[in-house]
file coords.cif (mmCIF, C-alpha atoms)
data_input
#
loop_
_atom_site.group_PDB
_atom_site.id
_atom_site.type_symbol
_atom_site.label_atom_id
_atom_site.label_comp_id
_atom_site.auth_asym_id
_atom_site.auth_seq_id
_atom_site.Cartn_x
_atom_site.Cartn_y
_atom_site.Cartn_z
ATOM 1 C CA MET A 1 91.993 91.193 82.596
ATOM 2 C CA HIS A 2 88.377 90.016 82.781
ATOM 3 C CA ARG A 3 88.973 88.173 86.068
ATOM 4 C CA LEU A 4 90.220 91.381 87.705
ATOM 5 C CA PHE A 5 86.759 92.893 87.325
ATOM 6 C CA THR A 6 84.615 89.820 88.014
ATOM 7 C CA LYS A 7 84.359 88.266 91.452
ATOM 8 C CA SER A 8 84.024 84.492 91.391
ATOM 9 C CA TRP A 9 81.556 82.807 93.705
ATOM 10 C CA SER A 10 80.393 79.295 94.460
ATOM 11 C CA SER A 11 78.286 77.423 97.012
ATOM 12 C CA ASP A 12 77.528 73.774 97.700
ATOM 13 C CA ILE A 13 74.122 74.466 99.286
ATOM 14 C CA ARG A 14 71.379 72.119 98.082
ATOM 15 C CA LEU A 15 67.756 73.070 97.417
ATOM 16 C CA ASP A 16 66.086 69.672 97.352
ATOM 17 C CA GLY A 17 62.383 70.014 98.119
ATOM 18 C CA LYS A 18 62.388 73.744 97.398
ATOM 19 C CA THR A 19 60.320 75.474 94.707
ATOM 20 C CA ALA A 20 61.545 78.544 92.828
ATOM 21 C CA ILE A 21 60.021 80.919 90.277
ATOM 22 C CA VAL A 22 62.367 82.788 87.939
ATOM 23 C CA THR A 23 60.801 85.425 85.701
ATOM 24 C CA GLY A 24 62.399 85.934 82.303
ATOM 25 C CA ALA A 25 64.123 82.575 82.596
ATOM 26 C CA ASN A 26 64.222 81.822 78.875
ATOM 27 C CA THR A 27 67.500 83.640 78.274
ATOM 28 C CA GLY A 28 70.480 85.417 79.827
ATOM 29 C CA ILE A 29 70.798 85.813 83.586
ATOM 30 C CA GLY A 30 67.382 84.276 84.221
ATOM 31 C CA LYS A 31 68.226 81.108 82.323
ATOM 32 C CA GLU A 32 71.568 80.729 84.098
ATOM 33 C CA THR A 33 69.884 81.321 87.463
ATOM 34 C CA ALA A 34 67.245 78.687 86.707
ATOM 35 C CA LYS A 35 69.905 76.211 85.585
ATOM 36 C CA ASP A 36 71.911 76.669 88.786
ATOM 37 C CA LEU A 37 68.832 76.226 90.994
ATOM 38 C CA ALA A 38 67.891 73.076 89.069
ATOM 39 C CA MET A 39 71.414 71.697 89.597
ATOM 40 C CA ARG A 40 70.855 72.135 93.341
ATOM 41 C CA GLY A 41 67.701 70.019 93.241
ATOM 42 C CA ALA A 42 65.044 72.738 93.260
ATOM 43 C CA ARG A 43 61.813 72.567 91.318
ATOM 44 C CA VAL A 44 62.157 75.579 89.006
ATOM 45 C CA ILE A 45 59.273 77.343 87.298
ATOM 46 C CA LEU A 46 60.334 79.301 84.204
ATOM 47 C CA ALA A 47 57.893 82.217 84.120
ATOM 48 C CA CYS A 48 58.101 83.649 80.611
ATOM 49 C CA ARG A 49 56.135 85.626 78.051
ATOM 50 C CA ASP A 50 57.426 83.657 75.050
ATOM 51 C CA LEU A 51 56.468 80.016 75.644
ATOM 52 C CA LEU A 52 58.421 78.702 72.653
ATOM 53 C CA LYS A 53 61.681 80.237 73.899
ATOM 54 C CA ALA A 54 60.870 79.092 77.427
ATOM 55 C CA GLU A 55 60.367 75.494 76.270
ATOM 56 C CA GLN A 56 63.683 75.677 74.422
ATOM 57 C CA ALA A 57 65.382 76.945 77.581
ATOM 58 C CA ALA A 58 63.784 74.188 79.644
ATOM 59 C CA GLY A 59 65.075 71.650 77.121
ATOM 60 C CA ASP A 60 68.588 73.109 77.324
ATOM 61 C CA ILE A 61 68.551 72.946 81.133
ATOM 62 C CA SER A 62 67.218 69.385 81.112
ATOM 63 C CA ARG A 63 70.025 68.314 78.763
ATOM 64 C CA ASP A 64 72.666 69.926 80.970
ATOM 65 C CA VAL A 65 71.235 68.949 84.355
ATOM 66 C CA GLU A 66 70.456 65.320 85.087
ATOM 67 C CA ASN A 67 66.931 64.837 86.487
ATOM 68 C CA ALA A 68 66.206 68.565 86.304
ATOM 69 C CA ASN A 69 62.746 69.478 87.597
ATOM 70 C CA VAL A 70 61.841 72.456 85.417
ATOM 71 C CA VAL A 71 58.420 73.527 84.193
ATOM 72 C CA VAL A 72 57.289 76.349 81.945
ATOM 73 C CA ARG A 73 54.474 78.740 82.774
ATOM 74 C CA LYS A 74 53.107 81.665 80.782
ATOM 75 C CA LEU A 75 53.697 85.097 82.347
ATOM 76 C CA ASP A 76 53.460 88.436 80.574
ATOM 77 C CA LEU A 77 54.494 91.130 83.044
ATOM 78 C CA ALA A 78 53.107 93.775 80.687
ATOM 79 C CA ASP A 79 49.564 92.503 81.288
ATOM 80 C CA THR A 80 47.975 92.351 84.750
ATOM 81 C CA ARG A 81 45.452 89.767 83.525
ATOM 82 C CA SER A 82 48.327 87.451 82.587
ATOM 83 C CA ILE A 83 49.913 88.039 86.004
ATOM 84 C CA CYS A 84 46.622 87.133 87.713
ATOM 85 C CA ASP A 85 46.258 83.993 85.589
ATOM 86 C CA PHE A 86 49.835 82.958 86.378
ATOM 87 C CA ALA A 87 49.389 83.452 90.128
ATOM 88 C CA GLU A 88 46.111 81.503 90.089
ATOM 89 C CA LEU A 89 47.838 78.625 88.315
ATOM 90 C CA ILE A 90 50.668 78.641 90.862
ATOM 91 C CA TYR A 91 48.224 78.421 93.777
ATOM 92 C CA ASN A 92 46.399 75.584 92.018
ATOM 93 C CA THR A 93 49.502 73.545 91.195
ATOM 94 C CA GLU A 94 52.144 74.315 93.840
ATOM 95 C CA LYS A 95 51.989 73.509 97.536
ATOM 96 C CA SER A 96 54.838 75.845 98.402
ATOM 97 C CA LEU A 97 57.026 78.639 97.037
ATOM 98 C CA HIS A 98 60.395 79.277 98.627
ATOM 99 C CA LEU A 99 62.104 81.534 96.078
ATOM 100 C CA LEU A 100 60.667 84.289 93.886
ATOM 101 C CA ILE A 101 63.310 85.748 91.610
ATOM 102 C CA ASN A 102 62.004 88.867 89.870
ATOM 103 C CA ASN A 103 64.554 88.840 87.075
ATOM 104 C CA ALA A 104 62.707 89.760 83.872
ATOM 105 C CA GLY A 105 63.120 93.217 82.460
ATOM 106 C CA VAL A 106 63.259 95.507 79.463
ATOM 107 C CA ALA A 107 65.890 98.184 78.946
ATOM 108 C CA MET A 108 66.025 101.474 77.091
ATOM 109 C CA CYS A 109 63.419 100.502 74.520
ATOM 110 C CA PRO A 110 61.430 102.884 72.293
ATOM 111 C CA TYR A 111 58.319 104.320 73.927
ATOM 112 C CA SER A 112 55.425 101.897 74.302
ATOM 113 C CA THR A 113 52.794 101.029 76.881
ATOM 114 C CA THR A 114 51.660 97.846 78.584
ATOM 115 C CA ALA A 115 48.227 96.281 78.158
ATOM 116 C CA ASP A 116 47.105 98.398 81.120
ATOM 117 C CA GLY A 117 48.496 101.662 79.751
ATOM 118 C CA PHE A 118 51.690 101.953 81.810
ATOM 119 C CA GLU A 119 54.972 103.011 80.208
ATOM 120 C CA THR A 120 56.607 99.690 79.393
ATOM 121 C CA GLN A 121 59.820 99.937 81.430
ATOM 122 C CA PHE A 122 58.039 101.201 84.556
ATOM 123 C CA GLY A 123 55.163 98.791 83.938
ATOM 124 C CA VAL A 124 57.241 95.644 83.422
ATOM 125 C CA ASN A 125 60.345 96.239 85.530
ATOM 126 C CA HIS A 126 58.532 97.639 88.558
ATOM 127 C CA LEU A 127 54.731 97.403 88.533
ATOM 128 C CA GLY A 128 54.611 93.926 86.979
ATOM 129 C CA HIS A 129 56.883 92.439 89.632
ATOM 130 C CA PHE A 130 55.243 94.501 92.377
ATOM 131 C CA PHE A 131 51.858 93.005 91.443
ATOM 132 C CA LEU A 132 53.255 89.480 91.009
ATOM 133 C CA THR A 133 54.878 89.597 94.458
ATOM 134 C CA PHE A 134 51.660 90.924 95.998
ATOM 135 C CA LEU A 135 49.690 87.997 94.575
ATOM 136 C CA LEU A 136 52.241 85.376 95.664
ATOM 137 C CA MET A 137 53.094 86.796 99.098
ATOM 138 C CA ASP A 138 50.689 84.554 101.016
ATOM 139 C CA LEU A 139 52.273 81.444 99.506
ATOM 140 C CA LEU A 140 55.769 82.772 100.198
ATOM 141 C CA LYS A 141 54.887 83.425 103.843
ATOM 142 C CA HIS A 142 53.205 80.034 104.116
ATOM 143 C CA SER A 143 56.460 78.459 102.845
ATOM 144 C CA ALA A 144 58.705 80.369 105.280
ATOM 145 C CA PRO A 145 61.571 80.829 105.336
ATOM 146 C CA SER A 146 61.404 82.156 101.790
ATOM 147 C CA ARG A 147 63.190 84.802 99.755
ATOM 148 C CA VAL A 148 62.334 87.422 97.134
ATOM 149 C CA ILE A 149 65.117 88.672 94.857
ATOM 150 C CA ASN A 150 64.558 91.843 92.824
ATOM 151 C CA VAL A 151 67.066 92.347 90.022
ATOM 152 C CA SER A 152 67.916 96.051 89.892
ATOM 153 C CA SER A 153 71.010 97.744 88.470
ATOM 154 C CA LEU A 154 73.923 99.998 89.322
ATOM 155 C CA ALA A 155 72.147 102.407 86.970
ATOM 156 C CA HIS A 156 69.651 103.147 89.756
ATOM 157 C CA HIS A 157 72.213 105.703 90.962
ATOM 158 C CA MET A 158 71.148 107.889 88.021
ATOM 159 C CA GLY A 159 67.461 107.396 88.745
ATOM 160 C CA LYS A 160 64.738 109.645 90.099
ATOM 161 C CA ILE A 161 61.076 108.814 90.649
ATOM 162 C CA HIS A 162 59.136 111.276 88.503
ATOM 163 C CA PHE A 163 55.855 111.249 90.403
ATOM 164 C CA GLU A 164 54.521 114.027 88.198
ATOM 165 C CA ASP A 165 55.084 111.883 85.086
ATOM 166 C CA LEU A 166 55.623 108.236 86.111
ATOM 167 C CA ASN A 167 54.408 106.964 82.740
ATOM 168 C CA SER A 168 56.526 109.401 80.712
ATOM 169 C CA GLU A 169 53.444 110.822 79.008
ATOM 170 C CA LYS A 170 54.806 114.383 79.088
ATOM 171 C CA SER A 171 58.363 113.489 78.168
ATOM 172 C CA TYR A 172 60.033 110.193 77.316
ATOM 173 C CA HIS A 173 63.689 109.299 77.285
ATOM 174 C CA PRO A 174 64.550 105.574 77.270
ATOM 175 C CA VAL A 175 67.452 105.919 79.721
ATOM 176 C CA LYS A 176 65.482 108.127 82.127
ATOM 177 C CA ALA A 177 62.619 105.633 82.143
ATOM 178 C CA TYR A 178 64.987 102.695 82.647
ATOM 179 C CA VAL A 179 66.900 104.159 85.589
ATOM 180 C CA GLN A 180 63.608 105.210 87.203
ATOM 181 C CA SER A 181 62.396 101.599 87.015
ATOM 182 C CA LYS A 182 65.643 100.270 88.508
ATOM 183 C CA LEU A 183 65.459 102.768 91.379
ATOM 184 C CA ALA A 184 61.866 101.645 91.909
ATOM 185 C CA ASN A 185 63.104 98.043 92.315
ATOM 186 C CA ILE A 186 65.231 99.076 95.303
ATOM 187 C CA LEU A 187 62.578 101.276 96.885
ATOM 188 C CA PHE A 188 60.153 98.347 96.567
ATOM 189 C CA THR A 189 62.686 96.029 98.231
ATOM 190 C CA ARG A 190 63.135 98.400 101.162
ATOM 191 C CA GLU A 191 59.389 98.798 101.700
ATOM 192 C CA LEU A 192 58.594 95.098 101.295
ATOM 193 C CA ALA A 193 61.178 93.844 103.808
ATOM 194 C CA PRO A 194 59.358 94.910 107.002
ATOM 195 C CA ARG A 195 55.986 93.891 105.556
ATOM 196 C CA ALA A 196 57.252 90.344 104.998
ATOM 197 C CA GLU A 197 57.053 89.923 108.786
ATOM 198 C CA GLY A 198 60.303 87.979 109.053
ATOM 199 C CA LYS A 199 58.902 85.106 107.028
ATOM 200 C CA SER A 200 60.362 86.157 103.691
ATOM 201 C CA ASN A 201 63.680 87.946 103.224
ATOM 202 C CA VAL A 202 63.921 90.453 100.395
ATOM 203 C CA TYR A 203 66.989 91.538 98.437
ATOM 204 C CA ALA A 204 67.789 93.874 95.551
ATOM 205 C CA VAL A 205 70.732 92.929 93.355
ATOM 206 C CA ASP A 206 72.921 94.516 90.709
ATOM 207 C CA PRO A 207 74.068 91.833 88.249
ATOM 208 C CA GLY A 208 76.691 94.112 86.730
ATOM 209 C CA LEU A 209 77.152 94.892 83.058
ATOM 210 C CA VAL A 210 76.166 91.654 81.371
ATOM 211 C CA LYS A 211 76.152 90.647 77.732
ATOM 212 C CA THR A 212 72.523 89.569 77.289
ATOM 213 C CA ASP A 213 69.586 90.247 74.986
ATOM 214 C CA ILE A 214 68.548 93.187 77.178
ATOM 215 C CA ILE A 215 71.237 95.398 75.564
ATOM 216 C CA ARG A 216 69.660 95.098 72.107
ATOM 217 C CA HIS A 217 68.105 98.585 72.344
ATOM 218 C CA LEU A 218 71.375 100.371 73.175
ATOM 219 C CA ASN A 219 72.337 103.127 70.753
ATOM 220 C CA LYS A 220 75.351 102.700 68.488
ATOM 221 C CA SER A 221 77.795 104.549 70.745
ATOM 222 C CA LEU A 222 76.932 102.333 73.713
ATOM 223 C CA GLN A 223 77.118 99.239 71.528
ATOM 224 C CA PHE A 224 80.615 100.393 70.490
ATOM 225 C CA PHE A 225 81.540 100.681 74.192
ATOM 226 C CA VAL A 226 80.275 97.156 74.790
ATOM 227 C CA LYS A 227 82.435 95.826 71.966
ATOM 228 C CA THR A 228 85.523 97.878 72.866
ATOM 229 C CA PHE A 229 85.499 97.204 76.597
ATOM 230 C CA GLY A 230 84.287 93.645 76.423
ATOM 231 C CA PHE A 231 86.663 92.598 79.209
ATOM 232 C CA LEU A 232 84.487 94.611 81.644
ATOM 233 C CA ILE A 233 81.357 92.761 80.628
ATOM 234 C CA LYS A 234 80.204 89.647 82.434
ATOM 235 C CA THR A 235 78.843 86.502 80.893
ATOM 236 C CA ALA A 236 75.247 85.621 81.727
ATOM 237 C CA GLU A 237 76.542 82.954 84.119
ATOM 238 C CA GLU A 238 78.675 85.532 85.947
ATOM 239 C CA GLY A 239 75.772 87.965 85.928
ATOM 240 C CA ALA A 240 73.718 85.449 87.887
ATOM 241 C CA TYR A 241 76.272 85.183 90.715
ATOM 242 C CA THR A 242 74.863 87.947 92.926
ATOM 243 C CA THR A 243 71.294 86.719 92.464
ATOM 244 C CA LEU A 244 72.427 83.253 93.545
ATOM 245 C CA TYR A 245 74.509 84.690 96.377
ATOM 246 C CA CYS A 246 71.385 86.355 97.809
ATOM 247 C CA THR A 247 69.303 83.260 97.126
ATOM 248 C CA LEU A 248 71.609 80.868 98.963
ATOM 249 C CA THR A 249 73.754 82.666 101.533
ATOM 250 C CA PRO A 250 72.483 82.241 105.107
ATOM 251 C CA ASP A 251 71.774 85.183 107.424
ATOM 252 C CA LEU A 252 71.978 88.031 104.916
ATOM 253 C CA PRO A 253 70.349 91.258 106.161
ATOM 254 C CA THR A 254 66.962 91.678 104.490
ATOM 255 C CA GLY A 255 65.928 94.798 102.596
ATOM 256 C CA ALA A 256 69.487 95.482 101.443
ATOM 257 C CA TYR A 257 71.147 95.973 98.054
ATOM 258 C CA TYR A 258 73.899 93.651 96.831
ATOM 259 C CA SER A 259 76.445 93.923 94.049
ATOM 260 C CA ASN A 260 79.355 91.656 93.120
ATOM 261 C CA CYS A 261 78.328 89.169 95.836
ATOM 262 C CA ALA A 262 78.505 91.700 98.661
ATOM 263 C CA MET A 263 76.300 94.314 100.300
ATOM 264 C CA ALA A 264 76.643 97.623 98.474
ATOM 265 C CA PRO A 265 75.596 101.223 99.108
ATOM 266 C CA TYR A 266 72.604 102.470 97.200
ATOM 267 C CA SER A 267 71.913 105.970 96.023
ATOM 268 C CA ARG A 268 70.581 108.814 98.165
ATOM 269 C CA ALA A 269 67.300 108.599 96.289
ATOM 270 C CA ALA A 270 67.040 104.877 97.095
ATOM 271 C CA ASN A 271 67.519 105.708 100.777
ATOM 272 C CA ASP A 272 64.631 108.187 100.879
ATOM 273 C CA ASP A 273 61.914 106.776 103.140
ATOM 274 C CA ASN A 274 59.286 109.245 101.956
ATOM 275 C CA THR A 275 59.890 108.379 98.311
ATOM 276 C CA ALA A 276 59.746 104.651 99.098
ATOM 277 C CA SER A 277 56.435 104.855 100.973
ATOM 278 C CA ARG A 278 54.926 107.193 98.393
ATOM 279 C CA LEU A 279 55.914 104.908 95.514
ATOM 280 C CA TRP A 280 54.353 101.952 97.366
ATOM 281 C CA ALA A 281 51.080 103.853 97.768
ATOM 282 C CA VAL A 282 51.092 104.994 94.135
ATOM 283 C CA GLY A 283 51.764 101.441 92.932
ATOM 284 C CA CYS A 284 48.817 100.136 94.939
ATOM 285 C CA HIS A 285 46.604 102.889 93.533
ATOM 286 C CA LEU A 286 47.635 102.255 89.922
ATOM 287 C CA LEU A 287 47.029 98.522 90.282
ATOM 288 C CA GLY A 288 43.839 98.875 92.310
ATOM 289 C CA ILE A 289 45.120 96.775 95.221
ATOM 290 C CA HIS A 290 45.235 97.175 98.993
ATOM 291 C CA TRP A 291 48.626 96.158 100.402
ATOM 292 C CA LYS A 292 49.596 97.591 103.783
#
call {"tool": "encode", "arguments": {"input": "coords.cif", "output": "structure tokens"}}
result
Amino acid sequence: MHRLFTKSWSSDIRLDGKTAIVTGANTGIGKETAKDLAMRGARVILACRDLLKAEQAAGDISRDVENANVVVRKLDLADTRSICDFAELIYNTEKSLHLLINNAGVAMCPYSTTADGFETQFGVNHLGHFFLTFLLMDLLKHSAPSRVINVSSLAHHMGKIHFEDLNSEKSYHPVKAYVQSKLANILFTRELAPRAEGKSNVYAVDPGLVKTDIIRHLNKSLQFFVKTFGFLIKTAEEGAYTTLYCTLTPDLPTGAYYSNCAMAPYSRAANDDNTASRLWAVGCHLLGIHWK
């Protein structure tokens, strides 16, 4: 039954001499993505908030992958100072960057704010990766051809960008904030693609419903669904397939959204050019950056 709902995928493409960053690589989809890239010969940087868990993940990958080239770097996407420090370290230690996989995320958590005062889901899932990509874009272009992968979700179809209350200060609902952040991932992808000037391709991906730590904040009814309909739920390895498909497959159209290892339609809201350009401008304003 499980195989009916999960598309298998494989590739023999090698990545020797390539450098990749995977955010949130200490567990789940991120860890499986990092492991696969390491198996292909890439140098993989595990960009994680929890260094202890990241070191454990690096150890696991090194045990499973002979001669794995994996390193751990501190990155807290809920703190712009940490993002700046991480990017500075990358420029000081890496000559090139071919793959940036914006995988880390939080889902449907109780209300909280980042170090900079942003609602956590919007701040981490969207603004944190937006800022990280901005800081690393010069290195990505210098390393062309390169790719940026933004992990979104099918849940973006329920999303709306609440410009009047982006940080949920007037009203907070964990699902509303989550789907807004996942819609923002796709709008960011669409706006970034033409700005990458053909040197870096950009993709948004839906990993599917995956059994990972990110579901820990689900309410009891949704947890019951997860247990009851487990055959619909992918393993972390399967959840990484579409990320890897967009990372490795030649000649994929940039700026598009992919699900189950194929291009997929996104929501009407995700196709709104005015919303996409407005969100870009608001993100730049909130972060105090100039990115045309």
call {"tool": "axis_aligned_box", "arguments": {"input": "coords.cif", "around": "stretch 247-256 of chain A", "padding_each_side": "6 Å", "output": "AutoDock Vina command-line options"}}
result
--center_x 69.8 --center_y 88.2 --center_z 102.3 --size_x 19.8 --size_y 26.6 --size_z 22.3
call {"tool": "resolve_selection", "arguments": {"input": "coords.cif", "expression": "the PyMOL selection byres ((chain A and resi 90) around 12)", "output": "ChimeraX atom specification"}}
result
/A:19-21,45-47,71-75,83-89,91-97,100,132,135-140
call {"tool": "resolve_selection", "arguments": {"input": "coords.cif", "expression": "the PyMOL selection byres ((chain A and resi 102) around 8)", "output": "PyMOL selection string"}}
result
chain A and resi 22-23+100-101+103-104+129+148-151
call {"tool": "closest_residue", "arguments": {"input": "coords.cif", "among": "A:Thr113, A:Gln56, A:Asn271, A:Thr189", "to": "A:Thr133", "atoms": "all atoms listed in the file"}}
result
A:Thr189
call {"tool": "residues_around", "arguments": {"input": "coords.cif", "residues": "A:Leu127", "least_positions_apart": "6", "cutoff": "9 Å", "atoms": "all atoms listed in the file", "output": "PyMOL selection string"}}
result
chain A and resi 77-78+118+181+184+283+286-287
call {"tool": "residues_around", "arguments": {"input": "coords.cif", "residues": "A:Asp36", "least_positions_apart": "2", "cutoff": "12 Å", "atoms": "all atoms listed in the file", "output": "ChimeraX atom specification"}}
result
/A:10-15,20,22,25,29-34,38-44,61-62,64-65,68-70,236-238,240-241,243-245,247-248
call {"tool": "residues_around", "arguments": {"input": "coords.cif", "residues": "A:Glu197", "least_positions_apart": "6", "cutoff": "12 Å", "atoms": "all atoms listed in the file", "output": "list in words"}}
result
Met137, Asp138, Leu140, Lys141, His142, Ala144, Pro145, Ser146, Glu191, Thr254, Gly255 and Lys292 of chain A
call {"tool": "closest_residue", "arguments": {"input": "coords.cif", "among": "A:Gly24, A:Pro207, A:Gly159, A:Gly288", "to": "A:Val106", "atoms": "all atoms listed in the file"}}
result
A:Gly24
call {"tool": "atom_distance", "arguments": {"input": "coords.cif", "atom1": "atom CA of A:Ile289", "atom2": "atom CA of A:Thr80"}}
result
11.7 Å
call {"tool": "resolve_selection", "arguments": {"input": "coords.cif", "expression": "the PyMOL selection byres ((chain A and resi 256-270) around 9)", "output": "MDAnalysis selection string"}}
result
chainID A and resid 6:9 152:154 156:161 183:184 186:187 189:190 193 202:208 239 241:246 252:255 271:273 275:276
call {"tool": "closest_residue", "arguments": {"input": "coords.cif", "among": "A:Arg49, A:Ala196, A:Lys234, A:Asn26", "to": "A:Leu209", "atoms": "all atoms listed in the file"}}
result
A:Lys234
call {"tool": "closest_residue", "arguments": {"input": "coords.cif", "among": "A:Asn67, A:Ser82, A:Thr235, A:Ser143", "to": "A:Lys199", "atoms": "all atoms listed in the file"}}
result
A:Ser143
call {"tool": "residues_around", "arguments": {"input": "coords.cif", "residues": "A:Glu119", "least_positions_apart": "6", "cutoff": "7 Å", "atoms": "all atoms listed in the file", "output": "PyMOL selection string"}}
result
chain A and resi 112-113+167-168
call {"tool": "write_last_selection", "arguments": {"input": "coords.cif", "atoms": "C-alpha atoms", "output": "JSON list (two decimals), keeping the file's coordinate frame"}}
result
[["chain", "number", "residue", "atom", "x", "y", "z"],
["A", 112, "SER", "CA", 55.42, 101.90, 74.30],
["A", 113, "THR", "CA", 52.79, 101.03, 76.88],
["A", 167, "ASN", "CA", 54.41, 106.96, 82.74],
["A", 168, "SER", "CA", 56.53, 109.40, 80.71]]
call {"tool": "closest_residue", "arguments": {"input": "coords.cif", "among": "A:His290, A:Thr27, A:Lys182, A:His173", "to": "A:Leu51", "atoms": "only C-alpha atoms"}}
result
A:Thr27
call {"tool": "closest_residue", "arguments": {"input": "coords.cif", "among": "A:Leu99, A:Gly105, A:Lys170, A:Phe188", "to": "A:Ser200", "atoms": "only C-alpha atoms"}}
result
A:Leu99
call {"tool": "atom_distance", "arguments": {"input": "coords.cif", "atom1": "atom CA of A:Pro174", "atom2": "atom CA of A:Gly117"}}
result
16.7 Å
call {"tool": "residues_around", "arguments": {"input": "coords.cif", "residues": "A:Val175", "least_positions_apart": "4", "cutoff": "9 Å", "atoms": "all atoms listed in the file", "output": "PyMOL selection string"}}
result
chain A and resi 107-109+179-180
call {"tool": "decode", "arguments": {"input": "coords.cif", "residues": "stretch 182-196 of chain A", "atoms": "C-alpha atoms", "output": "mmCIF file, in the first residue's frame"}}
result
data_model
loop_
_atom_site.group_PDB
_atom_site.id
_atom_site.type_symbol
_atom_site.label_atom_id
_atom_site.label_comp_id
_atom_site.auth_asym_id
_atom_site.auth_seq_id
_atom_site.Cartn_x
_atom_site.Cartn_y
_atom_site.Cartn_z
ATOM 1 C CA LYS A 182 5.334 27.798 3.241
ATOM 2 C CA LEU A 183 3.587 30.031 0.695
ATOM 3 C CA ALA A 184 6.338 32.585 1.292
ATOM 4 C CA ASN A 185 8.936 29.933 0.349
ATOM 5 C CA ILE A 186 7.380 29.592 -3.113
ATOM 6 C CA LEU A 187 6.915 33.315 -3.662
ATOM 7 C CA PHE A 188 10.582 33.776 -2.718
ATOM 8 C CA THR A 189 11.596 31.067 -5.207
ATOM 9 C CA ARG A 190 9.665 32.737 -8.018
ATOM 10 C CA GLU A 191 11.165 36.162 -7.311
ATOM 11 C CA LEU A 192 14.719 34.885 -6.841
ATOM 12 C CA ALA A 193 14.882 32.909 -10.102
ATOM 13 C CA PRO A 194 15.199 35.880 -12.495
ATOM 14 C CA ARG A 195 17.520 37.711 -10.094
ATOM 15 C CA ALA A 196 19.942 34.773 -10.131
#
